[in-house]
Amino acid sequence: EYDRIFMGATFEQNRVTLPENSEYFGTVIPRAYYDFVEEYGETSNVFLFNVGWTKDTRDSGLAPTRGYRTSLDAVVGVGDLSYWVASASGQYYLPLGRNFTLAFNASVDYGRSFNGSRPFPVIKNMYGGGIGSVRGYDGASLGPRDPDSGDFLGGSSRILANVQLYLPFPGTNQDRTLRWFLFADAGKV
C-alpha cells in the first residue's frame with residue numbers, strides 16, 4: 001500500500017552542435033559546452049538504467065496534512081557517457097491542530113563520472129533555484145557560473161531543504177487545496 005519499487009532502462013542519444021566561434025550572434029556560449037564536445041564528441045549514445053524505491057504514507061497526494069514520503073533513486077549511464085547519480089529525498093508533514101500543518105522537505109543528489117579522468121557530463125548537471133527548490137532565486141540560478149558568459153552551469157551535486165507552515169485560506173470552508181504558507185528554503189549546487 002505504501003511502497004513502490006521501480007526499475008527501468010532507456011536509450012538516449014545526445015547531439016550538441018556548437019558554433020565554431022564561442023560568440024554566436026552576440027551571445028557567448030559557455031566554455032563548459034565546448035569542453036564537453038572536446039571530451040565526449042558532438043554525439044553521444046548512452047544506455048540509462050534506473051532503480052528506485054518510494055515509501056509514501058501521506059494522507060493526501062494533493063494537500064497532505066500528515067505522514068511522510070521518502071524516496072531513494074539511482075541512475076547509471078553506460079556508453080559514451082559513463083556516470084552515475086544517486087538521489088534521496090524526504091518530506092514530513094506534522095499537523096499542528098486542525099488547521100495548520102508544518103512540512104519539512106529535503107533532497108540530496110550526487111553524481112560522478114565512472115572514469116575518474118573524465119569530468120561529469122555538463123549536459124547531465126543538476127540545477128537549483130526558483131519554484132520547487134529555493135524560492136526567491138531565479139530558476140536554475142544556484143551554483144557556479146561560466147566566467148565568460150555568466151550563464152549558470154549547474155553541478156554534479158545538489159542539496160535542497162525547506163520548511164513550510166501551511167495556513168488555512170479564509171472563506172474556503174476547509175478546502176485544503178487552497179492554502180497560505182510561510183516558508184524558508186536553502187540549497188547549494
# chains A, B, ... in the order shown; residues from 1 in each chain; ligands from 1
call {"tool": "residues_around", "arguments": {"residues": "Ser157 (chain A)", "least_positions_apart": "3", "cutoff": "7 Å", "atoms": "only C-alpha atoms", "output": "MDAnalysis selection string"}}
result
chainID A and resid 109:111 126 189
call {"tool": "write_last_selection", "arguments": {"atoms": "all heavy atoms", "output": "PDB file, in the first residue's frame"}}
result
ATOM      1  N   ASP A 109      21.261  15.099  -4.179  1.00  0.00           N
ATOM      2  CA  ASP A 109      21.619  14.414  -5.422  1.00  0.00           C
ATOM      3  C   ASP A 109      23.133  14.480  -5.548  1.00  0.00           C
ATOM      4  O   ASP A 109      23.731  15.526  -5.311  1.00  0.00           O
ATOM      5  CB  ASP A 109      20.992  15.117  -6.630  1.00  0.00           C
ATOM      6  CG  ASP A 109      19.490  15.202  -6.524  1.00  0.00           C
ATOM      7  OD1 ASP A 109      18.840  14.166  -6.695  1.00  0.00           O
ATOM      8  OD2 ASP A 109      18.972  16.306  -6.264  1.00  0.00           O
ATOM      9  N   TYR A 110      23.725  13.362  -5.946  1.00  0.00           N
ATOM     10  CA  TYR A 110      25.183  13.299  -6.044  1.00  0.00           C
ATOM     11  C   TYR A 110      25.544  12.464  -7.264  1.00  0.00           C
ATOM     12  O   TYR A 110      25.122  11.311  -7.375  1.00  0.00           O
ATOM     13  CB  TYR A 110      25.757  12.660  -4.771  1.00  0.00           C
ATOM     14  CG  TYR A 110      27.253  12.713  -4.680  1.00  0.00           C
ATOM     15  CD1 TYR A 110      27.897  13.871  -4.275  1.00  0.00           C
ATOM     16  CD2 TYR A 110      28.026  11.613  -5.010  1.00  0.00           C
ATOM     17  CE1 TYR A 110      29.275  13.927  -4.179  1.00  0.00           C
ATOM     18  CE2 TYR A 110      29.408  11.649  -4.922  1.00  0.00           C
ATOM     19  CZ  TYR A 110      30.024  12.810  -4.506  1.00  0.00           C
ATOM     20  OH  TYR A 110      31.396  12.866  -4.424  1.00  0.00           O
ATOM     21  N   GLY A 111      26.289  13.047  -8.187  1.00  0.00           N
ATOM     22  CA  GLY A 111      26.662  12.341  -9.404  1.00  0.00           C
ATOM     23  C   GLY A 111      28.155  12.404  -9.651  1.00  0.00           C
ATOM     24  O   GLY A 111      28.821  13.375  -9.276  1.00  0.00           O
ATOM     25  N   MET A 126      22.822  19.087 -12.512  1.00  0.00           N
ATOM     26  CA  MET A 126      21.608  19.365 -11.762  1.00  0.00           C
ATOM     27  C   MET A 126      21.574  20.849 -11.413  1.00  0.00           C
ATOM     28  O   MET A 126      22.614  21.478 -11.271  1.00  0.00           O
ATOM     29  CB  MET A 126      21.587  18.516 -10.499  1.00  0.00           C
ATOM     30  CG  MET A 126      21.507  17.023 -10.816  1.00  0.00           C
ATOM     31  SD  MET A 126      22.027  16.002  -9.459  1.00  0.00           S
ATOM     32  CE  MET A 126      23.728  15.710  -9.886  1.00  0.00           C
ATOM     33  N   VAL A 189      24.330  24.073  -4.946  1.00  0.00           N
ATOM     34  CA  VAL A 189      24.675  23.242  -6.099  1.00  0.00           C
ATOM     35  C   VAL A 189      26.175  23.248  -6.227  1.00  0.00           C
ATOM     36  O   VAL A 189      26.815  24.280  -6.127  1.00  0.00           O
ATOM     37  CB  VAL A 189      24.022  23.777  -7.395  1.00  0.00           C
ATOM     38  CG1 VAL A 189      24.494  22.985  -8.601  1.00  0.00           C
ATOM     39  CG2 VAL A 189      22.505  23.730  -7.281  1.00  0.00           C
TER      40      VAL A 189
END
call {"tool": "residues_around", "arguments": {"residues": "Ile159 (chain A)", "least_positions_apart": "5", "cutoff": "6 Å", "atoms": "only C-alpha atoms", "output": "NGL selection string"}}
result
:A and (107-108 or 187-188)
call {"tool": "write_last_selection", "arguments": {"atoms": "N, CA, C and O atoms", "output": "mmCIF file, in the first residue's frame"}}
result
data_model
loop_
_atom_site.group_PDB
_atom_site.id
_atom_site.type_symbol
_atom_site.label_atom_id
_atom_site.label_comp_id
_atom_site.auth_asym_id
_atom_site.auth_seq_id
_atom_site.Cartn_x
_atom_site.Cartn_y
_atom_site.Cartn_z
ATOM 1 N N SER A 107 16.291 17.169 0.004
ATOM 2 C CA SER A 107 16.724 16.276 -1.068
ATOM 3 C C SER A 107 18.214 16.465 -1.312
ATOM 4 O O SER A 107 18.752 17.556 -1.141
ATOM 5 N N VAL A 108 18.843 15.359 -1.688
ATOM 6 C CA VAL A 108 20.272 15.336 -1.981
ATOM 7 C C VAL A 108 20.461 14.551 -3.274
ATOM 8 O O VAL A 108 19.874 13.481 -3.449
ATOM 9 N N GLY A 187 19.623 25.929 -0.218
ATOM 10 C CA GLY A 187 20.120 24.995 -1.211
ATOM 11 C C GLY A 187 21.523 25.340 -1.643
ATOM 12 O O GLY A 187 22.006 26.466 -1.451
ATOM 13 N N LYS A 188 22.184 24.341 -2.194
ATOM 14 C CA LYS A 188 23.528 24.532 -2.713
ATOM 15 C C LYS A 188 23.724 23.569 -3.878
ATOM 16 O O LYS A 188 23.342 22.408 -3.820
#
call {"tool": "closest_residue", "arguments": {"among": "A:Thr101, A:Glu39, A:Ser89, A:Pro168", "to": "Ser117 (chain A)", "atoms": "only C-alpha atoms"}}
result
A:Glu39
call {"tool": "residues_around", "arguments": {"residues": "region 1-15 of chain A", "least_positions_apart": "5", "cutoff": "8 Å", "atoms": "only C-alpha atoms", "output": "PyMOL selection string"}}
result
chain A and resi 42-57
call {"tool": "write_last_selection", "arguments": {"atoms": "N, CA, C and O atoms", "output": "short mmCIF file (atom, residue, chain, number, x, y, z; two decimals), in the first residue's frame"}}
result
data_model
loop_
_atom_site.label_atom_id
_atom_site.label_comp_id
_atom_site.auth_asym_id
_atom_site.auth_seq_id
_atom_site.Cartn_x
_atom_site.Cartn_y
_atom_site.Cartn_z
N GLU A 42 30.42 15.46 -30.40
CA GLU A 42 29.13 16.12 -30.62
C GLU A 42 27.95 15.20 -30.40
O GLU A 42 26.87 15.64 -30.06
N THR A 43 28.13 13.90 -30.62
CA THR A 43 27.05 12.94 -30.46
C THR A 43 27.47 11.89 -29.43
O THR A 43 28.60 11.39 -29.48
N SER A 44 26.56 11.58 -28.52
CA SER A 44 26.85 10.54 -27.53
C SER A 44 25.64 9.62 -27.40
O SER A 44 24.49 10.06 -27.44
N ASN A 45 25.92 8.33 -27.30
CA ASN A 45 24.90 7.31 -27.10
C ASN A 45 25.06 6.74 -25.70
O ASN A 45 26.17 6.37 -25.31
N VAL A 46 23.95 6.68 -24.97
CA VAL A 46 24.01 6.25 -23.58
C VAL A 46 22.84 5.32 -23.29
O VAL A 46 21.70 5.58 -23.70
N PHE A 47 23.12 4.22 -22.59
CA PHE A 47 22.07 3.38 -22.03
C PHE A 47 21.94 3.79 -20.57
O PHE A 47 22.91 3.79 -19.82
N LEU A 48 20.72 4.16 -20.18
CA LEU A 48 20.45 4.57 -18.81
C LEU A 48 19.68 3.47 -18.10
O LEU A 48 18.68 2.97 -18.61
N PHE A 49 20.16 3.10 -16.93
CA PHE A 49 19.49 2.12 -16.09
C PHE A 49 19.14 2.82 -14.78
O PHE A 49 20.00 3.46 -14.17
N ASN A 50 17.87 2.72 -14.38
CA ASN A 50 17.49 3.36 -13.14
C ASN A 50 16.74 2.39 -12.24
O ASN A 50 16.09 1.45 -12.70
N VAL A 51 16.88 2.63 -10.95
CA VAL A 51 16.20 1.81 -9.95
C VAL A 51 15.85 2.75 -8.80
O VAL A 51 16.56 3.74 -8.54
N GLY A 52 14.73 2.48 -8.15
CA GLY A 52 14.34 3.35 -7.06
C GLY A 52 13.28 2.73 -6.16
O GLY A 52 12.65 1.72 -6.50
N TRP A 53 13.14 3.35 -5.00
CA TRP A 53 12.15 2.93 -4.01
C TRP A 53 11.52 4.17 -3.41
O TRP A 53 12.22 5.16 -3.13
N THR A 54 10.21 4.14 -3.24
CA THR A 54 9.48 5.24 -2.61
C THR A 54 8.52 4.68 -1.58
O THR A 54 7.82 3.70 -1.85
N LYS A 55 8.50 5.29 -0.42
CA LYS A 55 7.52 4.97 0.62
C LYS A 55 6.71 6.23 0.88
O LYS A 55 7.28 7.29 1.15
N ASP A 56 5.39 6.13 0.76
CA ASP A 56 4.52 7.28 0.88
C ASP A 56 3.37 6.97 1.82
O ASP A 56 2.50 6.18 1.50
N THR A 57 3.38 7.61 3.00
CA THR A 57 2.30 7.41 3.98
C THR A 57 1.47 8.68 4.15
O THR A 57 0.68 8.77 5.09
#
call {"tool": "residues_around", "arguments": {"residues": "Val122 (chain A)", "least_positions_apart": "5", "cutoff": "12 Å", "atoms": "only C-alpha atoms", "output": "JSON list (two decimals) with N, CA, C and O atoms, in the first residue's frame"}}
result
[["chain", "number", "residue", "atom", "x", "y", "z"],
["A", 14, "ASN", "N", 22.39, 11.95, -27.48],
["A", 14, "ASN", "CA", 22.53, 13.39, -27.29],
["A", 14, "ASN", "C", 23.35, 13.96, -28.44],
["A", 14, "ASN", "O", 24.35, 13.38, -28.83],
["A", 16, "VAL", "N", 25.09, 17.64, -29.45],
["A", 16, "VAL", "CA", 25.42, 19.01, -29.06],
["A", 16, "VAL", "C", 26.18, 19.64, -30.22],
["A", 16, "VAL", "O", 27.31, 19.27, -30.50],
["A", 30, "PRO", "N", 28.82, 29.16, -23.15],
["A", 30, "PRO", "CA", 29.71, 28.78, -22.04],
["A", 30, "PRO", "C", 30.82, 27.83, -22.47],
["A", 30, "PRO", "O", 30.61, 26.91, -23.26],
["A", 31, "ARG", "N", 32.01, 28.07, -21.97],
["A", 31, "ARG", "CA", 33.18, 27.24, -22.27],
["A", 31, "ARG", "C", 32.94, 25.78, -21.89],
["A", 31, "ARG", "O", 33.47, 24.87, -22.53],
["A", 32, "ALA", "N", 32.13, 25.51, -20.87],
["A", 32, "ALA", "CA", 31.88, 24.14, -20.42],
["A", 32, "ALA", "C", 31.30, 23.27, -21.53],
["A", 32, "ALA", "O", 31.58, 22.08, -21.61],
["A", 33, "TYR", "N", 30.52, 23.87, -22.45],
["A", 33, "TYR", "CA", 29.93, 23.09, -23.54],
["A", 33, "TYR", "C", 30.96, 22.77, -24.61],
["A", 33, "TYR", "O", 30.93, 21.69, -25.20],
["A", 34, "TYR", "N", 31.87, 23.69, -24.86],
["A", 34, "TYR", "CA", 32.97, 23.38, -25.78],
["A", 34, "TYR", "C", 33.86, 22.29, -25.19],
["A", 34, "TYR", "O", 34.30, 21.38, -25.89],
["A", 35, "ASP", "N", 34.12, 22.36, -23.87],
["A", 35, "ASP", "CA", 34.91, 21.33, -23.20],
["A", 35, "ASP", "C", 34.21, 19.97, -23.28],
["A", 35, "ASP", "O", 34.84, 18.94, -23.50],
["A", 36, "PHE", "N", 32.88, 19.98, -23.13],
["A", 36, "PHE", "CA", 32.11, 18.73, -23.24],
["A", 36, "PHE", "C", 32.27, 18.11, -24.62],
["A", 36, "PHE", "O", 32.54, 16.92, -24.75],
["A", 37, "VAL", "N", 32.09, 18.91, -25.67],
["A", 37, "VAL", "CA", 32.21, 18.41, -27.05],
["A", 37, "VAL", "C", 33.63, 17.92, -27.31],
["A", 37, "VAL", "O", 33.83, 16.88, -27.96],
["A", 39, "GLU", "N", 35.67, 16.64, -25.10],
["A", 39, "GLU", "CA", 35.89, 15.41, -24.32],
["A", 39, "GLU", "C", 35.04, 14.25, -24.82],
["A", 39, "GLU", "O", 35.51, 13.12, -24.93],
["A", 40, "TYR", "N", 33.77, 14.50, -25.13],
["A", 40, "TYR", "CA", 32.83, 13.42, -25.44],
["A", 40, "TYR", "C", 32.36, 13.38, -26.90],
["A", 40, "TYR", "O", 31.71, 12.42, -27.31],
["A", 81, "LEU", "N", 28.82, 8.24, -22.45],
["A", 81, "LEU", "CA", 28.82, 8.96, -21.17],
["A", 81, "LEU", "C", 28.67, 7.91, -20.07],
["A", 81, "LEU", "O", 27.64, 7.27, -19.97],
["A", 83, "TYR", "N", 28.46, 7.47, -16.24],
["A", 83, "TYR", "CA", 28.30, 8.23, -15.00],
["A", 83, "TYR", "C", 27.22, 7.59, -14.14],
["A", 83, "TYR", "O", 26.50, 6.69, -14.59],
["A", 111, "GLY", "N", 26.29, 13.05, -8.19],
["A", 111, "GLY", "CA", 26.66, 12.34, -9.40],
["A", 111, "GLY", "C", 28.15, 12.40, -9.65],
["A", 111, "GLY", "O", 28.82, 13.38, -9.28],
["A", 112, "ARG", "N", 28.67, 11.37, -10.29],
["A", 112, "ARG", "CA", 30.09, 11.31, -10.63],
["A", 112, "ARG", "C", 30.27, 10.52, -11.92],
["A", 112, "ARG", "O", 29.44, 9.68, -12.28],
["A", 113, "SER", "N", 31.39, 10.75, -12.56],
["A", 113, "SER", "CA", 31.78, 10.00, -13.74],
["A", 113, "SER", "C", 32.43, 8.70, -13.28],
["A", 113, "SER", "O", 33.14, 8.68, -12.27],
["A", 127, "TYR", "N", 20.39, 21.37, -11.27],
["A", 127, "TYR", "CA", 20.21, 22.80, -11.03],
["A", 127, "TYR", "C", 19.35, 23.03, -9.80],
["A", 127, "TYR", "O", 18.59, 22.17, -9.39],
["A", 144, "PRO", "N", 27.71, 27.32, -9.73],
["A", 144, "PRO", "CA", 28.75, 28.02, -10.49],
["A", 144, "PRO", "C", 28.23, 28.64, -11.78],
["A", 144, "PRO", "O", 27.25, 28.19, -12.36],
["A", 146, "ASP", "N", 29.55, 30.33, -15.64],
["A", 146, "ASP", "CA", 30.61, 30.40, -16.64],
["A", 146, "ASP", "C", 31.26, 31.78, -16.55],
["A", 146, "ASP", "O", 30.55, 32.79, -16.55],
["A", 152, "PHE", "N", 24.53, 30.16, -15.81],
["A", 152, "PHE", "CA", 24.59, 29.19, -14.72],
["A", 152, "PHE", "C", 24.84, 27.81, -15.30],
["A", 152, "PHE", "O", 24.22, 27.42, -16.28],
["A", 153, "LEU", "N", 25.75, 27.07, -14.71],
["A", 153, "LEU", "CA", 26.17, 25.78, -15.24],
["A", 153, "LEU", "C", 25.61, 24.59, -14.48],
["A", 153, "LEU", "O", 25.74, 23.45, -14.93],
["A", 154, "GLY", "N", 25.01, 24.79, -13.31],
["A", 154, "GLY", "CA", 24.58, 23.66, -12.50],
["A", 154, "GLY", "C", 25.78, 22.94, -11.95],
["A", 154, "GLY", "O", 26.90, 23.46, -11.94],
["A", 155, "GLY", "N", 25.59, 21.71, -11.48],
["A", 155, "GLY", "CA", 26.69, 20.95, -10.92],
["A", 155, "GLY", "C", 26.35, 19.49, -10.79],
["A", 155, "GLY", "O", 25.22, 19.07, -11.03],
["A", 156, "SER", "N", 27.32, 18.72, -10.39],
["A", 156, "SER", "CA", 27.14, 17.27, -10.27],
["A", 156, "SER", "C", 26.61, 16.87, -8.90],
["A", 156, "SER", "O", 26.39, 15.69, -8.65],
["A", 157, "SER", "N", 26.40, 17.82, -8.01],
["A", 157, "SER", "CA", 25.77, 17.52, -6.72],
["A", 157, "SER", "C", 24.89, 18.69, -6.32],
["A", 157, "SER", "O", 25.10, 19.83, -6.74]]
call {"tool": "residues_around", "arguments": {"residues": "Thr177 (chain A)", "least_positions_apart": "4", "cutoff": "12 Å", "atoms": "only C-alpha atoms", "output": "NGL selection string"}}
result
:A and (60-65 or 166-169 or 172-173 or 181)
call {"tool": "write_last_selection", "arguments": {"atoms": "N, CA, C and O atoms", "output": "mmCIF file, in the first residue's frame"}}
result
data_model
loop_
_atom_site.group_PDB
_atom_site.id
_atom_site.type_symbol
_atom_site.label_atom_id
_atom_site.label_comp_id
_atom_site.auth_asym_id
_atom_site.auth_seq_id
_atom_site.Cartn_x
_atom_site.Cartn_y
_atom_site.Cartn_z
ATOM 1 N N SER A 60 -2.711 12.565 1.798
ATOM 2 C CA SER A 60 -3.188 13.093 0.516
ATOM 3 C C SER A 60 -1.986 13.411 -0.358
ATOM 4 O O SER A 60 -0.987 13.949 0.130
ATOM 5 N N GLY A 61 -2.076 13.089 -1.619
ATOM 6 C CA GLY A 61 -1.009 13.453 -2.545
ATOM 7 C C GLY A 61 -1.101 14.903 -2.982
ATOM 8 O O GLY A 61 -0.118 15.508 -3.377
ATOM 9 N N LEU A 62 -2.283 15.515 -2.899
ATOM 10 C CA LEU A 62 -2.506 16.882 -3.341
ATOM 11 C C LEU A 62 -2.301 17.906 -2.222
ATOM 12 O O LEU A 62 -1.651 18.922 -2.418
ATOM 13 N N ALA A 63 -2.867 17.648 -1.062
ATOM 14 C CA ALA A 63 -2.782 18.589 0.062
ATOM 15 C C ALA A 63 -2.564 17.810 1.354
ATOM 16 O O ALA A 63 -3.464 17.712 2.186
ATOM 17 N N PRO A 64 -1.376 17.249 1.560
ATOM 18 C CA PRO A 64 -1.151 16.423 2.751
ATOM 19 C C PRO A 64 -1.161 17.244 4.040
ATOM 20 O O PRO A 64 -0.776 18.415 4.050
ATOM 21 N N THR A 65 -1.589 16.593 5.114
ATOM 22 C CA THR A 65 -1.572 17.211 6.442
ATOM 23 C C THR A 65 -0.802 16.366 7.445
ATOM 24 O O THR A 65 -0.490 16.836 8.529
ATOM 25 N N TYR A 166 1.757 25.615 6.661
ATOM 26 C CA TYR A 166 0.539 25.800 5.871
ATOM 27 C C TYR A 166 -0.549 26.393 6.766
ATOM 28 O O TYR A 166 -0.783 25.913 7.873
ATOM 29 N N LEU A 167 -1.224 27.416 6.237
ATOM 30 C CA LEU A 167 -2.272 28.124 6.961
ATOM 31 C C LEU A 167 -3.557 28.046 6.140
ATOM 32 O O LEU A 167 -3.512 28.082 4.907
ATOM 33 N N PRO A 168 -4.712 27.966 6.787
ATOM 34 C CA PRO A 168 -5.967 27.909 6.020
ATOM 35 C C PRO A 168 -6.234 29.233 5.307
ATOM 36 O O PRO A 168 -5.861 30.297 5.781
ATOM 37 N N PHE A 169 -6.863 29.129 4.157
ATOM 38 C CA PHE A 169 -7.229 30.310 3.382
ATOM 39 C C PHE A 169 -8.636 30.720 3.803
ATOM 40 O O PHE A 169 -9.562 29.913 3.737
ATOM 41 N N THR A 172 -12.663 29.431 2.487
ATOM 42 C CA THR A 172 -12.651 28.260 1.599
ATOM 43 C C THR A 172 -13.348 27.052 2.209
ATOM 44 O O THR A 172 -13.342 25.975 1.617
ATOM 45 N N ASN A 173 -13.936 27.191 3.385
ATOM 46 C CA ASN A 173 -14.703 26.112 4.022
ATOM 47 C C ASN A 173 -13.936 24.796 4.090
ATOM 48 O O ASN A 173 -14.365 23.774 3.573
ATOM 49 N N PHE A 181 0.964 29.860 2.989
ATOM 50 C CA PHE A 181 2.050 29.237 3.726
ATOM 51 C C PHE A 181 3.207 30.196 3.914
ATOM 52 O O PHE A 181 3.415 31.116 3.127
#
call {"tool": "select_by_dssp", "arguments": {"residues": "region 26-175 of chain A", "states": "strand (DSSP E or B)", "output": "ChimeraX atom specification"}}
result
/A:27-28,43-56,67-79,83-96,100-113,126,130,134,145,152,155,157-168
call {"tool": "residues_around", "arguments": {"residues": "Val28 (chain A)", "least_positions_apart": "4", "cutoff": "9 Å", "atoms": "only C-alpha atoms", "output": "number ranges by chain"}}
result
A: 21-24, 148-151
call {"tool": "atom_distance", "arguments": {"atom1": "CA of Arg179 (chain A)", "atom2": "CA of Tyr137 (chain A)"}}
result
22.1 Å
call {"tool": "atom_distance", "arguments": {"atom1": "CA of Ala161 (chain A)", "atom2": "CA of Ala88 (chain A)"}}
result
11.8 Å
call {"tool": "residues_around", "arguments": {"residues": "Asn105 (chain A)", "least_positions_apart": "5", "cutoff": "12 Å", "atoms": "only C-alpha atoms", "output": "list in words"}}
result
Tyr68, Arg69, Thr70, Ser71, Ala88, Ser89, Gly90, Gln91, Tyr92, Tyr93, Leu94, Gly132, Ser133, Val134, Ile159, Leu160, Ala161, Asn162, Val163, Gln164, Leu165, Phe183, Ala184, Asp185, Ala186 and Gly187 of chain A
call {"tool": "select_by_dssp", "arguments": {"residues": "region 11-188 of chain A", "states": "helix (DSSP H, G or I)", "output": "PyMOL selection string"}}
result
chain A and resi 31-40+122-124
call {"tool": "atom_distance", "arguments": {"atom1": "CA of Pro121 (chain A)", "atom2": "CA of Ala140 (chain A)"}}
result
17.1 Å
call {"tool": "closest_residue", "arguments": {"among": "A:Phe114, A:Arg158, A:Asp73, A:Pro147", "to": "Gly129 (chain A)", "atoms": "only C-alpha atoms"}}
result
A:Arg158
call {"tool": "closest_residue", "arguments": {"among": "A:Ser82, A:Gln174, A:Thr17, A:Thr27", "to": "Arg118 (chain A)", "atoms": "only C-alpha atoms"}}
result
A:Ser82
call {"tool": "closest_residue", "arguments": {"among": "A:Phe25, A:Trp180, A:Trp84, A:Phe104", "to": "Lys124 (chain A)", "atoms": "only C-alpha atoms"}}
result
A:Trp84
